[in-house]
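Notes follow the structure.
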Amino acid sequence: MEAVYYVISWLCHRKCDHCYESRFRPYYGEEQSRLIAETVAVFPNVIANLPERMTYFDIADPAPDGSLNEKPGRIILAGGEVLLKQVREPILYPAMEMLYDKYRDGVEIVVQTTGDLVTPQ
């Protein structure tokens, strides 16, 4: 498998007119708490059920002997905005650790973000 695009949260701090998914939006109060609790409960099961290996054979880049190169796949963690503190702390970081533990032999973990909340930390 070359890539898995995993939307780990609907929570976002923006309401972009161009967004392709109406569930990516701000949530508040009880609705936000419910959404976060649901995601915290579900993401370990999702990760546990991802493919056992995340590699693929790149037919466009064969080895010199003509054999196919097996390359690490990617898991793209996306959302609304995965860097929001409400998502980052209880969901994103633990999910990344679980993925690292599951795919120690190699996988590229990509975090998709609006970029608004990126800091040096």
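As shown in the structure tokens, the chain order sets the letters A, B, ...; within each chain, residues go from 1, and ligands are also counted from 1 in the order they appear.
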
Which neighbours of Lys15 (chain A) fall inside 8 Å, counting only C-alpha atoms, when residues of the same chain fewer than 4 positions from it are skipped, and could you give them as a list of chain:residue names?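 Close residues of Lys15 (chain A): A:Cys19, A:Phe24, A:Arg25, A:Pro26.
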
Using DSSP on the backbone coordinates, identify the residues of region 4-121 of chain A assigned to alpha helix (DSSP H); present them as a PyMOL selection string. chain A and resi 29-48+85-87+93-102

For the residues in that selection, give me N, CA, C and O atoms as a short mmCIF file (atom, residue, chain, number, x, y, z; two decimals), in the first residue's frame.
```
data_model
loop_
_atom_site.label_atom_id
_atom_site.label_comp_id
_atom_site.auth_asym_id
_atom_site.auth_seq_id
_atom_site.Cartn_x
_atom_site.Cartn_y
_atom_site.Cartn_z
N GLY A 29 -18.09 23.61 23.15
CA GLY A 29 -18.78 23.07 24.31
C GLY A 29 -18.95 21.56 24.28
O GLY A 29 -18.00 20.81 24.01
N GLU A 30 -20.17 21.13 24.57
CA GLU A 30 -20.48 19.71 24.68
C GLU A 30 -20.24 18.97 23.36
O GLU A 30 -19.77 17.83 23.35
N GLU A 31 -20.56 19.62 22.26
CA GLU A 31 -20.36 18.98 20.96
C GLU A 31 -18.87 18.72 20.71
O GLU A 31 -18.48 17.66 20.24
N GLN A 32 -18.03 19.70 21.05
CA GLN A 32 -16.58 19.52 20.90
C GLN A 32 -16.08 18.40 21.82
O GLN A 32 -15.31 17.54 21.39
N SER A 33 -16.53 18.41 23.06
CA SER A 33 -16.10 17.36 24.01
C SER A 33 -16.51 15.98 23.52
O SER A 33 -15.74 15.02 23.62
N ARG A 34 -17.73 15.85 23.00
CA ARG A 34 -18.20 14.57 22.49
C ARG A 34 -17.37 14.11 21.29
O ARG A 34 -16.95 12.95 21.21
N LEU A 35 -17.08 15.03 20.40
CA LEU A 35 -16.30 14.71 19.20
C LEU A 35 -14.89 14.25 19.58
O LEU A 35 -14.39 13.25 19.06
N ILE A 36 -14.25 14.95 20.50
CA ILE A 36 -12.90 14.59 20.92
C ILE A 36 -12.90 13.24 21.64
O ILE A 36 -12.07 12.38 21.37
N ALA A 37 -13.85 13.04 22.54
CA ALA A 37 -13.94 11.76 23.27
C ALA A 37 -14.17 10.60 22.30
O ALA A 37 -13.55 9.53 22.44
N GLU A 38 -15.01 10.80 21.31
CA GLU A 38 -15.27 9.77 20.31
C GLU A 38 -14.00 9.44 19.52
O GLU A 38 -13.67 8.28 19.31
N THR A 39 -13.27 10.47 19.15
CA THR A 39 -12.04 10.27 18.38
C THR A 39 -10.97 9.57 19.22
O THR A 39 -10.29 8.67 18.73
N VAL A 40 -10.84 9.97 20.47
CA VAL A 40 -9.87 9.33 21.37
C VAL A 40 -10.19 7.85 21.51
O VAL A 40 -9.29 7.00 21.54
N ALA A 41 -11.46 7.51 21.57
CA ALA A 41 -11.87 6.12 21.73
C ALA A 41 -11.66 5.30 20.46
O ALA A 41 -11.37 4.11 20.53
N VAL A 42 -11.76 5.93 19.30
CA VAL A 42 -11.75 5.21 18.03
C VAL A 42 -10.37 5.06 17.40
O VAL A 42 -10.06 4.02 16.82
N PHE A 43 -9.52 6.09 17.48
CA PHE A 43 -8.29 6.06 16.69
C PHE A 43 -7.39 4.86 16.97
O PHE A 43 -6.77 4.33 16.03
N PRO A 44 -7.27 4.35 18.21
CA PRO A 44 -6.43 3.16 18.39
C PRO A 44 -6.94 1.95 17.60
O PRO A 44 -6.14 1.17 17.08
N ASN A 45 -8.26 1.82 17.50
CA ASN A 45 -8.82 0.71 16.72
C ASN A 45 -8.56 0.88 15.23
O ASN A 45 -8.30 -0.09 14.52
N VAL A 46 -8.65 2.11 14.76
CA VAL A 46 -8.36 2.37 13.35
C VAL A 46 -6.91 2.00 13.04
O VAL A 46 -6.63 1.28 12.08
N ILE A 47 -5.99 2.45 13.87
CA ILE A 47 -4.57 2.17 13.65
C ILE A 47 -4.30 0.67 13.75
O ILE A 47 -3.56 0.11 12.94
N ALA A 48 -4.92 0.01 14.71
CA ALA A 48 -4.74 -1.44 14.85
C ALA A 48 -5.20 -2.20 13.61
O ALA A 48 -4.67 -3.27 13.31
N LYS A 85 -4.78 22.35 19.83
CA LYS A 85 -4.38 21.71 21.09
C LYS A 85 -5.33 20.59 21.48
O LYS A 85 -4.90 19.54 21.97
N GLN A 86 -6.62 20.76 21.25
CA GLN A 86 -7.61 19.75 21.62
C GLN A 86 -7.42 18.45 20.84
O GLN A 86 -7.85 17.39 21.27
N VAL A 87 -6.80 18.52 19.68
CA VAL A 87 -6.56 17.35 18.83
C VAL A 87 -5.11 16.89 18.99
O VAL A 87 -4.83 15.69 19.12
N TYR A 93 -0.50 13.22 18.72
CA TYR A 93 0.76 12.70 19.24
C TYR A 93 0.67 11.21 19.58
O TYR A 93 1.54 10.43 19.19
N PRO A 94 -0.37 10.77 20.30
CA PRO A 94 -0.48 9.33 20.57
C PRO A 94 -0.64 8.51 19.29
O PRO A 94 -0.10 7.41 19.18
N ALA A 95 -1.37 9.03 18.31
CA ALA A 95 -1.54 8.31 17.04
C ALA A 95 -0.19 8.16 16.32
O ALA A 95 0.12 7.09 15.79
N MET A 96 0.61 9.22 16.33
CA MET A 96 1.92 9.15 15.70
C MET A 96 2.81 8.11 16.40
O MET A 96 3.52 7.35 15.74
N GLU A 97 2.75 8.09 17.73
CA GLU A 97 3.55 7.10 18.47
C GLU A 97 3.09 5.68 18.15
O GLU A 97 3.92 4.79 17.96
N MET A 98 1.79 5.46 18.07
CA MET A 98 1.27 4.13 17.74
C MET A 98 1.71 3.71 16.33
O MET A 98 2.06 2.56 16.11
N LEU A 99 1.67 4.65 15.40
CA LEU A 99 2.09 4.34 14.03
C LEU A 99 3.57 4.03 13.97
O LEU A 99 3.99 3.11 13.28
N TYR A 100 4.35 4.80 14.70
CA TYR A 100 5.79 4.54 14.74
C TYR A 100 6.06 3.15 15.31
O TYR A 100 6.86 2.38 14.76
N ASP A 101 5.39 2.81 16.38
CA ASP A 101 5.57 1.48 16.99
C ASP A 101 5.11 0.37 16.05
O ASP A 101 5.74 -0.68 15.96
N LYS A 102 4.02 0.58 15.36
CA LYS A 102 3.47 -0.45 14.47
C LYS A 102 4.35 -0.67 13.25
O LYS A 102 4.49 -1.80 12.78
#
```

In Å, with one decimal, what is the gap from CA of Gly115 (chain A) to CA of Leu84 (chain A)?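 Interatomic distance here is 10.8 Å.
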